[in-house]
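Note sheet for the following structure.
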Amino acid sequence: REHLSMFYYVMTSDDAFLSIAEYVAPQAAVVAAIAIVAIALATRGGDGDDGNGDGDGEQGARREHDWAPALALAAAAHAAGAGVGYASLCFYDAALSPVATTGLTVLSALAAHALLAKVAFSLYADGGGPNSTPVVPREPPWVTLKCVALASAATSTAAVTFFNFPLAWPTTVALAPVCLSVSQRDRSEERRDDTKSKRPWRALAGWVDRRTVKSTAMALTPVFLASLVSLIEETSPFAFAHHLAENARAWRGGFAFPVAYAVVWPACALSALATRADVLRGTRGAGQREARAESKKSR
């Protein structure tokens, strides 16, 4: 016999189901892994890694997080996601074609990404806060933002698990690698100097900005997931936003619409921003890094 909560079961065939007890452990393990990394970043920081790939961070040095701008940026990301979702519903209510609704929704998401970049610049342009020369050095902003993004993703997916487990599992699996791979390490500058490499493709790869490629992939993750779901449901991948809005208006598909715009999109947007935005790279301690580089050259 099935429980009254039918959405806790996954139908694998005409007469077979998977209950929540059979797949709750993998979901809990992934959410726990995300939460553990977030806690480690909050308590131990980035282990002195400033994201510039020099590896000369002060290991063991205590560094504080500047939480206020990171939390403000996370709140702005979730508000922007809600705005994109509302705009998509407005496009659907205007009786536009499915392709037009999806296209305008994608354009709204791109505009929201640009707005978030402006917000990040306004929050971190002066070095991350009014205390520009703190006694205790601070973590690079991208490390703090990664911590906030991980904590937000873990909390959101855990909440979705309570309401719709089959939806929470693929959402968590998709967001975990995106949020965990946030980093501003980029060794492409070093590869550009390696002109004597015997492997031409490595020299060519040195001219590719990996952070840009990775952040673009992160930003496009919601589109990829929505298109994949559309293909599975045998609907047009160019009309995924229309189908999400249609299901939301008819209250079909459970929590797919709020999860897409209030969980998946903000997490991917924050991850892409933390990976690519130079203003989040961290300017505190730049003089120390230059001094260390000069001392190395003199030696």
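Here, A, B, ... name the chains of the structure tokens in the order displayed, residue numbers run from 1 inside each chain, and ligands are numbered from 1 in the same displayed order.
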
Find the nearest atom pair between each residue of stretch 204-281 of chain A and stretch 63-86 of chain A for residues within 12 Å, count only C-alpha atoms, give distances in Å to one decimal, sort rows by chain and ascending number, and present the table as JSON lines.
{"residue": "A:Pro222", "atom": "CA", "partner": "A:Gly81", "partner_atom": "CA", "distance": 11.4}
{"residue": "A:Ala241", "atom": "CA", "partner": "A:Gly85", "partner_atom": "CA", "distance": 9.0}
{"residue": "A:His242", "atom": "CA", "partner": "A:Gly85", "partner_atom": "CA", "distance": 10.9}
{"residue": "A:Leu244", "atom": "CA", "partner": "A:Gly85", "partner_atom": "CA", "distance": 9.5}
{"residue": "A:Ala245", "atom": "CA", "partner": "A:Gly85", "partner_atom": "CA", "distance": 8.3}
{"residue": "A:Ala248", "atom": "CA", "partner": "A:Gly85", "partner_atom": "CA", "distance": 10.3}
{"residue": "A:Arg249", "atom": "CA", "partner": "A:Tyr86", "partner_atom": "CA", "distance": 11.7}
{"residue": "A:Ala256", "atom": "CA", "partner": "A:Gly85", "partner_atom": "CA", "distance": 11.4}
{"residue": "A:Phe257", "atom": "CA", "partner": "A:Gly85", "partner_atom": "CA", "distance": 7.8}
{"residue": "A:Pro258", "atom": "CA", "partner": "A:Gly85", "partner_atom": "CA", "distance": 7.9}
{"residue": "A:Val259", "atom": "CA", "partner": "A:Gly81", "partner_atom": "CA", "distance": 10.1}
{"residue": "A:Ala260", "atom": "CA", "partner": "A:Gly85", "partner_atom": "CA", "distance": 8.4}
{"residue": "A:Tyr261", "atom": "CA", "partner": "A:Gly81", "partner_atom": "CA", "distance": 5.0}
{"residue": "A:Ala262", "atom": "CA", "partner": "A:Gly81", "partner_atom": "CA", "distance": 5.6}
{"residue": "A:Val263", "atom": "CA", "partner": "A:His78", "partner_atom": "CA", "distance": 7.7}
{"residue": "A:Val264", "atom": "CA", "partner": "A:Gly81", "partner_atom": "CA", "distance": 8.8}
{"residue": "A:Trp265", "atom": "CA", "partner": "A:Gly81", "partner_atom": "CA", "distance": 6.1}
{"residue": "A:Pro266", "atom": "CA", "partner": "A:Ala77", "partner_atom": "CA", "distance": 5.1}
{"residue": "A:Ala267", "atom": "CA", "partner": "A:Ala77", "partner_atom": "CA", "distance": 8.0}
{"residue": "A:Cys268", "atom": "CA", "partner": "A:Ala77", "partner_atom": "CA", "distance": 9.5}
{"residue": "A:Ala269", "atom": "CA", "partner": "A:Ala77", "partner_atom": "CA", "distance": 7.0}
{"residue": "A:Leu270", "atom": "CA", "partner": "A:Ala77", "partner_atom": "CA", "distance": 6.8}
{"residue": "A:Ser271", "atom": "CA", "partner": "A:Ala74", "partner_atom": "CA", "distance": 10.3}
{"residue": "A:Ala272", "atom": "CA", "partner": "A:Ala77", "partner_atom": "CA", "distance": 11.4}
{"residue": "A:Leu273", "atom": "CA", "partner": "A:Leu73", "partner_atom": "CA", "distance": 10.0}
{"residue": "A:Ala274", "atom": "CA", "partner": "A:Ala70", "partner_atom": "CA", "distance": 10.0}
{"residue": "A:Leu280", "atom": "CA", "partner": "A:Ala70", "partner_atom": "CA", "distance": 9.9}

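In terms of minimum interatomic distance to A:Ala109, A:Leu220 ranks closest within A:Ala239, A:Val160, A:Val148, A:Leu220, counting only C-alpha atoms.
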
9 Å contact set for stretch 163-179 of chain A, only C-alpha atoms, chain neighbours under 5 positions out, as an MDAnalysis selection string | chainID A and resid 7:10 20 23:24 26:27 30:31 33:34 146 149:150 153:154 157:158 217:218 221 225 254:256 259:260 263:264 267:268 270:272

Among the residues A:Ser13, A:Thr144, A:Ser156, A:Thr212, the one that comes closest to A:Gly45 [using only C-alpha atoms] = A:Thr144

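Minimum atom-to-atom distances from A:Val182, A:Val229, A:Ala219, A:Val99 to A:Thr275 were compared using only C-alpha atoms, and the lowest value belongs to A:Val182.
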
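Nearest residue to A:Val223 among A:Ala114, A:Leu107, A:Val143, A:Ala250 is A:Leu107, counting only C-alpha atoms.
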